[in-house]
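Following: one structure in structure tokens, then a few remarks.
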Amino acid sequence: TKSLCVPAQTRVRKLVNVKKLLAGLRDAGVDLDTGRRGPITQEDIVDGNRDKTLALVWRLTVEMNMSKVVSRDALVREVRRLRVRRLRE
């Protein structure tokens with residue numbers, strides 16, 4: 001959208017963009033609280049917190065029926081790619 005910082009090459013810009021995304025999800029009624037781990041924050045996503053990122057993906061899949069938008073195979077490929085990248089770091 002027009003309000004996103006593009007390109008998001010710096011951490012600050014990424015935080016701003018993810019904050020806007022999470023606010024939009026909250027406005028749409030998506031619960032971003034993970035229980036004992038606390039709410040999903042922009043820092044969690046930008047910093048690569050695996051548990052909270054997966055929790056966000058799960059919430060989107062369940063609450064917004066993203067299975068119609070994102071194929072399971074594409075999601076599996078992306079998770080594998082991220083695991084390989086993380087192992088290299």
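Just remember, in the structure tokens the first chain shown is A, the second B, etc., residues are 1-based per chain, and ligands are 1-based in the order shown.
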
Would you mind listing what lies within 12 Å of stretch 12-15 of chain A as a count of residues only, with only C-alpha atoms counted and same-chain residues fewer than 3 positions away left out? 20

Show which residues sit within 12 Å of A:Val62, as a list of chain:residue names. Count only C-alpha atoms, and ignore same-chain residues fewer than 6 positions away. A:Val30, A:Asp31, A:Ala55, A:Leu56, A:Lys68

Picked from stretch 8-42 of chain A by DSSP as alpha helix (DSSP H), as a PDB file with N, CA and C atoms, in the first residue's frame:
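The resulting selection.pdb:
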ATOM      1  N   ARG A  11      16.220  -2.103   9.216  1.00  0.00           N
ATOM      2  CA  ARG A  11      15.433  -2.707  10.288  1.00  0.00           C
ATOM      3  C   ARG A  11      14.274  -1.788  10.680  1.00  0.00           C
ATOM      4  N   VAL A  12      14.538  -0.506  10.744  1.00  0.00           N
ATOM      5  CA  VAL A  12      13.504   0.456  11.140  1.00  0.00           C
ATOM      6  C   VAL A  12      12.333   0.414  10.165  1.00  0.00           C
ATOM      7  N   ARG A  13      12.617   0.398   8.885  1.00  0.00           N
ATOM      8  CA  ARG A  13      11.542   0.349   7.883  1.00  0.00           C
ATOM      9  C   ARG A  13      10.772  -0.966   7.971  1.00  0.00           C
ATOM     10  N   LYS A  14      11.487  -2.054   8.205  1.00  0.00           N
ATOM     11  CA  LYS A  14      10.815  -3.344   8.359  1.00  0.00           C
ATOM     12  C   LYS A  14       9.901  -3.326   9.572  1.00  0.00           C
ATOM     13  N   LEU A  15      10.386  -2.749  10.680  1.00  0.00           N
ATOM     14  CA  LEU A  15       9.554  -2.653  11.888  1.00  0.00           C
ATOM     15  C   LEU A  15       8.291  -1.837  11.628  1.00  0.00           C
ATOM     16  N   VAL A  16       8.446  -0.737  10.919  1.00  0.00           N
ATOM     17  CA  VAL A  16       7.294   0.115  10.601  1.00  0.00           C
ATOM     18  C   VAL A  16       6.280  -0.661   9.759  1.00  0.00           C
ATOM     19  N   ASN A  17       6.751  -1.358   8.733  1.00  0.00           N
ATOM     20  CA  ASN A  17       5.850  -2.108   7.862  1.00  0.00           C
ATOM     21  C   ASN A  17       5.141  -3.234   8.596  1.00  0.00           C
ATOM     22  N   VAL A  18       5.878  -3.984   9.409  1.00  0.00           N
ATOM     23  CA  VAL A  18       5.257  -5.093  10.137  1.00  0.00           C
ATOM     24  C   VAL A  18       4.291  -4.570  11.187  1.00  0.00           C
ATOM     25  N   LYS A  19       4.619  -3.445  11.805  1.00  0.00           N
ATOM     26  CA  LYS A  19       3.701  -2.835  12.780  1.00  0.00           C
ATOM     27  C   LYS A  19       2.368  -2.488  12.108  1.00  0.00           C
ATOM     28  N   LYS A  20       2.440  -1.946  10.902  1.00  0.00           N
ATOM     29  CA  LYS A  20       1.222  -1.611  10.151  1.00  0.00           C
ATOM     30  C   LYS A  20       0.439  -2.864   9.796  1.00  0.00           C
ATOM     31  N   LEU A  21       1.150  -3.908   9.392  1.00  0.00           N
ATOM     32  CA  LEU A  21       0.502  -5.179   9.071  1.00  0.00           C
ATOM     33  C   LEU A  21      -0.229  -5.736  10.287  1.00  0.00           C
ATOM     34  N   LEU A  22       0.463  -5.779  11.429  1.00  0.00           N
ATOM     35  CA  LEU A  22      -0.144  -6.337  12.636  1.00  0.00           C
ATOM     36  C   LEU A  22      -1.342  -5.505  13.088  1.00  0.00           C
ATOM     37  N   ALA A  23      -1.247  -4.188  12.961  1.00  0.00           N
ATOM     38  CA  ALA A  23      -2.379  -3.325  13.307  1.00  0.00           C
ATOM     39  C   ALA A  23      -3.576  -3.629  12.414  1.00  0.00           C
ATOM     40  N   GLY A  24      -3.314  -3.827  11.125  1.00  0.00           N
ATOM     41  CA  GLY A  24      -4.390  -4.171  10.197  1.00  0.00           C
ATOM     42  C   GLY A  24      -5.026  -5.514  10.543  1.00  0.00           C
ATOM     43  N   LEU A  25      -4.196  -6.476  10.938  1.00  0.00           N
ATOM     44  CA  LEU A  25      -4.733  -7.782  11.330  1.00  0.00           C
ATOM     45  C   LEU A  25      -5.582  -7.666  12.589  1.00  0.00           C
ATOM     46  N   ARG A  26      -5.097  -6.882  13.569  1.00  0.00           N
ATOM     47  CA  ARG A  26      -5.890  -6.668  14.787  1.00  0.00           C
ATOM     48  C   ARG A  26      -7.235  -6.026  14.439  1.00  0.00           C
ATOM     49  N   ASP A  27      -7.196  -5.028  13.564  1.00  0.00           N
ATOM     50  CA  ASP A  27      -8.437  -4.360  13.139  1.00  0.00           C
ATOM     51  C   ASP A  27      -9.385  -5.328  12.448  1.00  0.00           C
ATOM     52  N   GLN A  42       5.994  -6.649  16.260  1.00  0.00           N
ATOM     53  CA  GLN A  42       6.770  -6.425  15.046  1.00  0.00           C
ATOM     54  C   GLN A  42       8.229  -6.841  15.251  1.00  0.00           C
TER      55      GLN A  42
END

Name the closest residue to A:Thr61 among the candidates A:Val84, A:Pro39, A:Thr34, A:Leu75; distances are taken between atoms, counting only C-alpha atoms.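 Distance minimum relative to A:Thr61 lands on A:Leu75.
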
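The coordinates place atom CA of A:Ile40 at 10.3 Å from atom CA of A:Leu54.
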
Atomic separation - atom CA of A:Arg37 relative to atom CA of A:Ser71, Å: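 Computing it gives 27.7 Å between the two atoms.
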